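Okay, upload.pdb now, which holds PDB, C-alpha atoms:
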```pdb
MODEL        1
ATOM      1  CA  MET A  29       1.599  -2.877   0.262
ATOM      2  CA  ASP A  30       2.264  -6.384   1.590
ATOM      3  CA  ARG A  31      -0.930  -7.626   3.144
ATOM      4  CA  GLN A  32      -0.305 -10.997   4.683
ATOM      5  CA  ALA A  33      -3.116 -13.326   5.582
ATOM      6  CA  VAL A  34      -2.982 -14.285   9.240
ATOM      7  CA  PRO A  35      -3.929 -17.949   9.656
ATOM      8  CA  LEU A  36      -6.633 -18.723  12.161
ATOM      9  CA  GLN A  37      -4.307 -21.207  13.923
ATOM     10  CA  MET A  38      -6.344 -24.315  13.116
ATOM     11  CA  GLU A  39      -4.976 -26.720  15.686
ATOM     12  CA  ASP A  40      -6.345 -30.137  16.553
ATOM     13  CA  MET A  41     -10.056 -29.820  15.788
ATOM     14  CA  ALA A  42     -10.853 -32.029  18.755
ATOM     15  CA  GLU A  43      -9.566 -29.441  21.187
ATOM     16  CA  PRO A  44     -12.223 -27.180  22.706
ATOM     17  CA  GLU A  45     -10.074 -24.028  22.275
ATOM     18  CA  SER A  46      -9.990 -24.466  18.487
ATOM     19  CA  SER A  47     -13.749 -24.926  18.340
ATOM     20  CA  VAL A  48     -14.217 -21.758  20.335
ATOM     21  CA  LYS A  49     -11.998 -19.858  17.898
ATOM     22  CA  ASP A  50     -13.887 -21.227  14.899
ATOM     23  CA  ALA A  51     -17.216 -20.220  16.410
ATOM     24  CA  ARG A  52     -15.894 -16.766  17.256
ATOM     25  CA  TYR A  53     -14.696 -16.038  13.740
ATOM     26  CA  CYS A  54     -17.877 -17.457  12.242
ATOM     27  CA  GLY A  55     -19.858 -15.117  14.455
ATOM     28  CA  GLN A  56     -17.544 -12.261  13.500
ATOM     29  CA  ARG A  57     -18.208 -12.842   9.808
ATOM     30  CA  GLU A  58     -21.956 -12.785  10.395
ATOM     31  CA  GLN A  59     -21.687  -9.521  12.306
ATOM     32  CA  TRP A  60     -19.529  -7.981   9.592
ATOM     33  CA  LEU A  61     -21.950  -9.088   6.887
ATOM     34  CA  ARG A  62     -24.762  -7.283   8.676
ATOM     35  CA  GLU A  63     -22.660  -4.135   9.143
ATOM     36  CA  GLN A  64     -21.552  -4.277   5.520
ATOM     37  CA  GLU A  65     -25.134  -4.442   4.286
ATOM     38  CA  THR A  66     -26.114  -1.512   6.517
ATOM     39  CA  LEU A  67     -23.258   0.667   5.255
ATOM     40  CA  LYS A  68     -23.944  -0.357   1.667
ATOM     41  CA  ARG A  69     -27.357   1.311   1.816
ATOM     42  CA  SER A  70     -25.584   4.690   2.014
ATOM     43  CA  LEU A  71     -23.416   4.023  -1.046
ATOM     44  CA  LYS A  72     -23.572   6.647  -3.805
ATOM     45  CA  LEU A  73     -22.380   5.654  -7.276
ATOM     46  CA  HIS A  74     -22.672   9.111  -8.859
ATOM     47  CA  ASP A  75     -20.744  12.377  -8.641
ATOM     48  CA  ASP A  76     -21.683  14.028  -5.368
ATOM     49  CA  PHE A  77     -19.291  16.945  -4.832
ATOM     50  CA  THR A  78     -18.861  20.583  -5.824
ATOM     51  CA  TRP A  79     -15.408  20.488  -7.400
ATOM     52  CA  LYS A  80     -14.584  20.152 -11.088
ATOM     53  CA  ILE A  81     -11.481  19.003 -12.915
ATOM     54  CA  SER A  82      -9.380  21.775 -14.438
ATOM     55  CA  ALA A  83      -8.685  21.533 -18.168
ATOM     56  CA  ASN A  84      -5.020  22.226 -17.331
ATOM     57  CA  SER A  85      -4.836  18.867 -15.541
ATOM     58  CA  LEU A  86      -6.038  16.730 -18.415
ATOM     59  CA  SER A  87      -2.857  15.952 -20.341
ATOM     60  CA  ASN A  88      -3.015  12.242 -19.444
ATOM     61  CA  VAL A  89      -6.779  11.869 -19.664
ATOM     62  CA  ASP A  90      -8.734  10.013 -22.319
ATOM     63  CA  LEU A  91     -10.260  12.936 -24.235
ATOM     64  CA  SER A  92     -13.143  10.778 -25.408
ATOM     65  CA  LEU A  93     -14.525  11.138 -21.879
ATOM     66  CA  ASN A  94     -16.914  14.012 -21.278
ATOM     67  CA  ILE A  95     -15.044  17.018 -19.891
ATOM     68  CA  GLU A  96     -16.932  19.958 -18.442
ATOM     69  CA  SER A  97     -15.453  23.392 -17.844
ATOM     70  CA  PRO A  98     -15.839  24.477 -14.211
ATOM     71  CA  SER A  99     -18.091  27.432 -13.519
ATOM     72  CA  GLU A 100     -17.010  30.318 -11.317
ATOM     73  CA  GLU A 101     -19.053  28.909  -8.432
ATOM     74  CA  GLN A 102     -17.274  25.564  -8.526
ATOM     75  CA  SER A 103     -13.953  24.776  -6.914
ATOM     76  CA  ILE A 104     -11.162  23.082  -8.870
ATOM     77  CA  LEU A 105      -9.948  19.639  -7.879
ATOM     78  CA  ARG A 106      -6.543  20.171  -6.337
ATOM     79  CA  TYR A 107      -5.991  17.926  -3.317
ATOM     80  CA  VAL A 108      -6.078  14.172  -3.883
ATOM     81  CA  GLY A 109      -5.515  11.839  -0.952
ATOM     82  CA  GLY A 110      -4.039   8.373  -0.917
ATOM     83  CA  VAL A 111      -4.036   5.728   1.806
ATOM     84  CA  ASP A 112      -2.282   2.407   2.270
ATOM     85  CA  LEU A 113      -0.965  -0.006   4.884
ATOM     86  CA  SER A 114       2.341  -1.845   4.810
ATOM     87  CA  PHE A 115       3.094  -4.871   6.943
ATOM     88  CA  SER A 116       6.231  -6.051   8.692
ATOM     89  CA  LYS A 117       7.779  -9.160   7.186
ATOM     90  CA  LYS A 118       8.959 -10.172  10.655
ATOM     91  CA  ASP A 119       5.617  -9.697  12.374
ATOM     92  CA  SER A 120       2.543  -9.897  10.151
ATOM     93  CA  SER A 121       0.389  -8.232  12.814
ATOM     94  CA  MET A 122       2.511  -5.070  12.803
ATOM     95  CA  ALA A 123       1.508  -2.496  10.205
ATOM     96  CA  CYS A 124       2.166   1.075   9.211
ATOM     97  CA  ALA A 125      -0.792   3.088   7.945
ATOM     98  CA  CYS A 126      -0.058   6.104   5.790
ATOM     99  CA  THR A 127      -2.107   8.973   4.448
ATOM    100  CA  VAL A 128      -0.729  11.393   1.872
ATOM    101  CA  VAL A 129      -2.197  14.375   0.064
ATOM    102  CA  ILE A 130      -0.997  15.261  -3.440
ATOM    103  CA  ASP A 131      -1.255  18.750  -4.917
ATOM    104  CA  LEU A 132      -2.395  18.215  -8.509
ATOM    105  CA  ALA A 133      -0.833  21.516  -9.555
ATOM    106  CA  THR A 134       2.669  20.192  -8.848
ATOM    107  CA  MET A 135       2.112  16.446  -8.207
ATOM    108  CA  ASP A 136       4.051  16.927  -4.961
ATOM    109  CA  VAL A 137       3.198  15.374  -1.611
ATOM    110  CA  ILE A 138       2.103  18.282   0.583
ATOM    111  CA  TYR A 139       0.985  16.237   3.575
ATOM    112  CA  GLU A 140       1.875  12.881   5.076
ATOM    113  CA  ASP A 141       1.089  11.127   8.307
ATOM    114  CA  PHE A 142       1.660   7.675   9.753
ATOM    115  CA  ASP A 143       0.405   5.363  12.443
ATOM    116  CA  ILE A 144       2.160   2.158  13.457
ATOM    117  CA  LEU A 145      -0.056  -0.406  15.101
ATOM    118  CA  HIS A 146      -0.544  -4.063  15.916
ATOM    119  CA  LEU A 147      -3.626  -5.441  14.192
ATOM    120  CA  LYS A 148      -5.508  -7.795  16.478
ATOM    121  CA  LEU A 149      -8.029  -8.945  13.889
ATOM    122  CA  PRO A 150      -6.950 -11.586  11.356
ATOM    123  CA  TYR A 151      -7.195 -11.018   7.625
ATOM    124  CA  ILE A 152     -10.412 -12.685   6.529
ATOM    125  CA  PRO A 153     -10.964 -12.591   2.732
ATOM    126  CA  GLY A 154     -13.799 -10.269   1.793
ATOM    127  CA  PHE A 155     -13.591  -8.298   5.039
ATOM    128  CA  LEU A 156     -10.317  -6.390   4.667
ATOM    129  CA  ALA A 157     -12.056  -3.088   5.447
ATOM    130  CA  PHE A 158     -12.948  -4.135   8.989
ATOM    131  CA  ARG A 159      -9.286  -4.804   9.701
ATOM    132  CA  GLU A 160      -7.752  -1.729   8.072
ATOM    133  CA  SER A 161     -10.317   1.068   7.897
ATOM    134  CA  PRO A 162     -10.290   2.088  11.610
ATOM    135  CA  VAL A 163      -6.697   3.355  11.511
ATOM    136  CA  LEU A 164      -7.213   5.011   8.117
ATOM    137  CA  LEU A 165     -10.285   6.795   9.447
ATOM    138  CA  LYS A 166      -8.222   7.958  12.403
ATOM    139  CA  LEU A 167      -5.629   9.503  10.071
ATOM    140  CA  LEU A 168      -8.322  11.217   7.982
ATOM    141  CA  ARG A 169      -9.943  12.688  11.085
ATOM    142  CA  LYS A 170      -6.547  13.979  12.173
ATOM    143  CA  ILE A 171      -6.221  15.943   8.907
ATOM    144  CA  SER A 172      -9.707  17.423   9.310
ATOM    145  CA  LEU A 173      -8.916  18.569  12.852
ATOM    146  CA  GLN A 174      -5.314  19.721  12.509
ATOM    147  CA  ASN A 175      -4.940  20.630   8.808
ATOM    148  CA  PRO A 176      -8.466  21.149   7.442
ATOM    149  CA  SER A 177      -7.242  23.279   4.535
ATOM    150  CA  LEU A 178      -5.364  20.219   3.209
ATOM    151  CA  TYR A 179      -8.196  17.728   3.593
ATOM    152  CA  PRO A 180      -8.439  15.733   0.340
ATOM    153  CA  GLN A 181     -11.297  16.435  -2.041
ATOM    154  CA  VAL A 182     -11.162  12.840  -3.252
ATOM    155  CA  LEU A 183      -9.473   9.798  -1.774
ATOM    156  CA  MET A 184      -7.696   6.969  -3.607
ATOM    157  CA  VAL A 185      -7.536   3.696  -1.716
ATOM    158  CA  ASP A 186      -5.203   0.777  -2.354
ATOM    159  CA  GLY A 187      -7.970  -1.773  -2.774
ATOM    160  CA  ASN A 188     -11.353  -2.188  -4.386
ATOM    161  CA  GLY A 189     -14.585  -0.286  -4.264
ATOM    162  CA  ILE A 190     -17.627  -1.946  -5.797
ATOM    163  CA  LEU A 191     -15.356  -4.311  -7.749
ATOM    164  CA  HIS A 192     -15.674  -6.789  -4.915
ATOM    165  CA  PRO A 193     -17.555 -10.035  -4.219
ATOM    166  CA  SER A 194     -19.934  -8.153  -1.916
ATOM    167  CA  GLY A 195     -19.970  -5.040  -4.110
ATOM    168  CA  PHE A 196     -18.537  -3.130  -1.155
ATOM    169  CA  GLY A 197     -14.757  -3.220  -0.797
ATOM    170  CA  ILE A 198     -12.492  -1.117   1.399
ATOM    171  CA  ALA A 199     -12.660   1.955  -0.866
ATOM    172  CA  SER A 200     -16.451   1.983  -0.541
ATOM    173  CA  HIS A 201     -16.356   1.147   3.159
ATOM    174  CA  LEU A 202     -13.911   3.946   3.926
ATOM    175  CA  GLY A 203     -15.679   6.399   1.637
ATOM    176  CA  VAL A 204     -19.044   5.856   3.336
ATOM    177  CA  LEU A 205     -17.649   6.060   6.866
ATOM    178  CA  ALA A 206     -15.582   9.190   6.119
ATOM    179  CA  ASP A 207     -18.278  10.606   3.814
ATOM    180  CA  ILE A 208     -15.685  11.425   1.156
ATOM    181  CA  PRO A 209     -15.580  10.773  -2.607
ATOM    182  CA  SER A 210     -13.400   7.682  -2.896
ATOM    183  CA  ILE A 211     -11.849   5.542  -5.615
ATOM    184  CA  GLY A 212     -10.650   1.958  -5.463
ATOM    185  CA  VAL A 213      -7.285   1.301  -7.129
ATOM    186  CA  ALA A 214      -6.332  -2.382  -7.155
ATOM    187  CA  LYS A 215      -3.355  -4.211  -8.620
ATOM    188  CA  ASN A 216      -5.210  -7.519  -8.845
ATOM    189  CA  LEU A 217      -8.596  -8.342 -10.302
ATOM    190  CA  HIS A 218     -11.374  -9.824  -8.211
ATOM    191  CA  HIS A 219     -12.942 -12.588 -10.292
ATOM    192  CA  VAL A 220     -16.536 -11.479  -9.846
ATOM    193  CA  ASP A 221     -19.427 -11.888 -12.281
ATOM    194  CA  GLY A 222     -17.330 -13.862 -14.755
ATOM    195  CA  LEU A 223     -14.439 -11.373 -14.966
ATOM    196  CA  VAL A 224     -11.146 -13.176 -15.618
ATOM    197  CA  ASN A 225      -7.722 -11.527 -15.511
ATOM    198  CA  LYS A 226      -6.362 -13.211 -18.653
ATOM    199  CA  GLU A 227      -9.392 -12.221 -20.741
ATOM    200  CA  VAL A 228      -9.233  -8.628 -19.477
ATOM    201  CA  ARG A 229      -5.567  -8.324 -20.449
ATOM    202  CA  MET A 230      -6.251  -9.732 -23.910
ATOM    203  CA  ALA A 231      -9.114  -7.274 -24.356
ATOM    204  CA  LEU A 232      -6.832  -4.391 -23.336
ATOM    205  CA  GLU A 233      -4.373  -5.422 -26.033
ATOM    206  CA  ARG A 234      -7.177  -5.177 -28.591
ATOM    207  CA  ASN A 235      -8.392  -1.880 -27.154
ATOM    208  CA  LYS A 236      -5.445   0.436 -27.827
ATOM    209  CA  LYS A 237      -7.640   3.067 -29.468
ATOM    210  CA  SER A 238      -9.300   3.961 -26.159
ATOM    211  CA  LYS A 239      -6.230   5.262 -24.313
ATOM    212  CA  ASP A 240      -5.717   1.864 -22.676
ATOM    213  CA  MET A 241      -8.973   2.017 -20.709
ATOM    214  CA  LEU A 242     -11.320  -0.945 -20.721
ATOM    215  CA  PRO A 243     -14.703  -1.059 -18.941
ATOM    216  CA  LEU A 244     -15.039  -4.191 -16.827
ATOM    217  CA  ILE A 245     -18.409  -5.604 -17.817
ATOM    218  CA  GLY A 246     -19.491  -8.790 -16.078
ATOM    219  CA  LYS A 247     -21.628 -11.560 -17.500
ATOM    220  CA  SER A 248     -24.670  -9.933 -15.906
ATOM    221  CA  GLY A 249     -24.044  -6.762 -17.933
ATOM    222  CA  GLN A 250     -23.037  -4.735 -14.877
ATOM    223  CA  ILE A 251     -20.044  -2.408 -15.223
ATOM    224  CA  TRP A 252     -17.875  -3.146 -12.204
ATOM    225  CA  GLY A 253     -15.016  -0.790 -12.950
ATOM    226  CA  ALA A 254     -12.301  -0.161 -15.517
ATOM    227  CA  ALA A 255      -8.921  -1.667 -16.323
ATOM    228  CA  LEU A 256      -6.231   0.926 -17.050
ATOM    229  CA  SER A 257      -2.766   0.313 -18.431
ATOM    230  CA  HIS A 258       0.046   2.815 -18.405
ATOM    231  CA  GLU A 259       2.368   3.430 -21.323
ATOM    232  CA  GLY A 260       5.278   1.015 -21.185
ATOM    233  CA  CYS A 261       3.617  -1.260 -18.618
ATOM    234  CA  HIS A 262       1.752  -4.441 -19.528
ATOM    235  CA  LYS A 263       0.137  -4.924 -16.119
ATOM    236  CA  PRO A 264      -3.146  -3.028 -15.748
ATOM    237  CA  ILE A 265      -4.646  -1.555 -12.614
ATOM    238  CA  PHE A 266      -8.306  -1.932 -11.776
ATOM    239  CA  VAL A 267     -10.272   1.198 -10.925
ATOM    240  CA  SER A 268     -13.685   1.107  -9.318
ATOM    241  CA  ILE A 269     -16.180   3.437  -7.728
ATOM    242  CA  GLY A 270     -15.694   3.788  -4.015
ATOM    243  CA  HIS A 271     -18.323   6.304  -2.928
ATOM    244  CA  ARG A 272     -19.799   9.626  -4.124
ATOM    245  CA  ILE A 273     -18.132   9.463  -7.534
ATOM    246  CA  SER A 274     -18.972   8.073 -10.972
ATOM    247  CA  LEU A 275     -16.731   5.612 -12.763
ATOM    248  CA  GLU A 276     -16.092   8.159 -15.517
ATOM    249  CA  THR A 277     -14.818  10.752 -13.032
ATOM    250  CA  ALA A 278     -12.867   8.133 -11.100
ATOM    251  CA  VAL A 279     -11.041   7.135 -14.279
ATOM    252  CA  LYS A 280     -10.258  10.789 -15.078
ATOM    253  CA  CYS A 281      -8.829  11.334 -11.601
ATOM    254  CA  VAL A 282      -6.648   8.225 -11.763
ATOM    255  CA  GLN A 283      -5.343   9.062 -15.244
ATOM    256  CA  MET A 284      -4.445  12.561 -14.082
ATOM    257  CA  CYS A 285      -2.366  11.151 -11.235
ATOM    258  CA  CYS A 286      -0.435   8.473 -13.119
ATOM    259  CA  LYS A 287       3.258   9.119 -13.623
ATOM    260  CA  TYR A 288       3.779   5.374 -13.505
ATOM    261  CA  ARG A 289       1.504   2.340 -13.371
ATOM    262  CA  ILE A 290       0.085   3.227  -9.931
ATOM    263  CA  PRO A 291      -1.433   6.703  -9.391
ATOM    264  CA  GLU A 292       0.799   8.915  -7.263
ATOM    265  CA  PRO A 293      -1.439   9.213  -4.177
ATOM    266  CA  VAL A 294      -1.511   5.428  -3.709
ATOM    267  CA  ARG A 295       2.075   4.904  -4.875
ATOM    268  CA  GLN A 296       3.419   7.502  -2.456
ATOM    269  CA  ALA A 297       1.355   6.144   0.436
ATOM    270  CA  ASP A 298       2.771   2.692  -0.300
ATOM    271  CA  LEU A 299       6.394   3.821  -0.629
ATOM    272  CA  ARG A 300       6.297   6.066   2.428
ATOM    273  CA  SER A 301       4.543   3.550   4.662
ATOM    274  CA  ARG A 302       7.154   0.932   3.756
ATOM    275  CA  ALA A 303      10.030   3.332   4.461
ATOM    276  CA  HIS A 304       8.534   4.565   7.733
ATOM    277  CA  LEU A 305       7.924   1.028   8.968
ATOM    278  CA  ALA A 306      11.425  -0.092   7.997
ATOM    279  CA  ALA A 307      12.931   2.843   9.901
ATOM    280  CA  LYS A 308      10.894   2.048  13.005
ATOM    281  CA  MET A 309      11.802  -1.645  12.872
ATOM    282  CA  LYS A 310      15.555  -1.030  12.944
TER     283      LYS A 310
ENDMDL
END
```
Represent the supplied structure as structure tokens.
Amino acid sequence: MDRQAVPLQMEDMAEPESSVKDARYCGQREQWLREQETLKRSLKLHDDFTWKISANSLSNVDLSLNIESPSEEQSILRYVGGVDLSFSKKDSSMACACTVVIDLATMDVIYEDFDILHLKLPYIPGFLAFRESPVLLKLLRKISLQNPSLYPQVLMVDGNGILHPSGFGIASHLGVLADIPSIGVAKNLHHVDGLVNKEVRMALERNKKSKDMLPLIGKSGQIWGAALSHEGCHKPIFVSIGHRISLETAVKCVQMCCKYRIPEPVRQADLRSRAHLAAKMK
């Protein structure tokens, strides 16, 4: 995913048009802050679903985590969704949104869909969800209407959940709006509550006994997420609660889906969105 910040075209500050633009984006931020706070009230940071993880899917999972055997009344986690957007290098407003569904039994992509669009809103740090979530919601609704049997039981989002300056990143935003268990999977660490990338990586090096999983505990004592590193890769990923799932379960799900550094649902959404966009841009 190549998200490119779109500058706000800060021209001569003495010109009235620039002042109007500044005021508009300032007002937009205030509106988004209010909407963000409203949505945040619906956030659930615990497991809120009926499915369970099958013991047959746990080969890559840290066995020190609590594993429960599913009862006959409970469904088994099988369909894991992934979403991402890729951007054109020629036109930073043109993007390709992609949704995939992975079958955990085979780790194959059993569903994919795309939407190419021009994003009219600029990228404003801290408010990525308002720019990208509408098209991702559209793709999720399309699955529920046209292929409901393949609708994901949990959704992995290329971005952060509560590991975010506002405590409500795109994975949480999308999870609340779609009312789906969601997980944030980020390649870069938000420096919130005293968390620093260099210190996290050093701690991971000292933490080899815990299957390369490190809780991200801020200076306040809050657990914001977990850093995970894959065998043979020194760069961690940062997992956080999105919505309707606990951090422990989120970590299990991500570990189950990791062939490489990035879990397959997000990796495949990234690769396929890039390829689809490149084909359309020819």
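Distance-wise, atom CA of A:Phe155 and atom CA of A:Arg229 end up 26.7 Å apart.
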Output check: residues returned by the PyMOL selection byres ((chain A and resi 223) around 12), as a PyMOL selection string: chain A and resi 191-193+216-222+224-229+231+243-255+266
Polymer residues at most 7 Å from stretch 301-304 of chain A, only C-alpha atoms, same-chain spacing of 5 or more positions, as a list in words: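 Using only C-alpha atoms, the neighbours found are Leu113, Ser114, Cys124, Ala125 and Cys126 of chain A.
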Spatial neighbours of A:Asp298, max dist 12 Å, all atoms listed in the file, sep filter under 4 positions, as JSON, numbers by chain: {"A": [29, 30, 31, 110, 111, 112, 113, 114, 115, 123, 124, 125, 126, 127, 128, 140, 142, 184, 185, 186, 187, 290, 291, 292, 293, 294, 302, 303, 304, 305]}
Selection result for the PyMOL selection byres ((chain A and resi 147) around 9) on this file, as JSON, numbers by chain: {"A": [120, 121, 122, 123, 145, 146, 148, 149, 150, 159, 160]}
Exercise: A:Phe196 partners within 10 Å, all atoms listed in the file, chain neighbours under 6 positions left out, as a VMD selection string: chain A and resid 64 to 65 67 to 68 71 154 to 155 157 188 to 190 202 269 to 271
Selection result of the PyMOL selection byres ((chain A and resi 275) around 8) on this file, as an MDAnalysis selection string: chainID A and resid 73:74 253:254 268:269 273:274 276:279
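Take atom CA of A:Leu156 and atom CA of A:Ile198: the distance between them is 6.6 Å.
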Between atom CA of A:Gln59 and atom CA of A:Ala199, distance in Å (one decimal):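 Pair atom CA of A:Gln59 / atom CA of A:Ala199 returns 19.7 Å.
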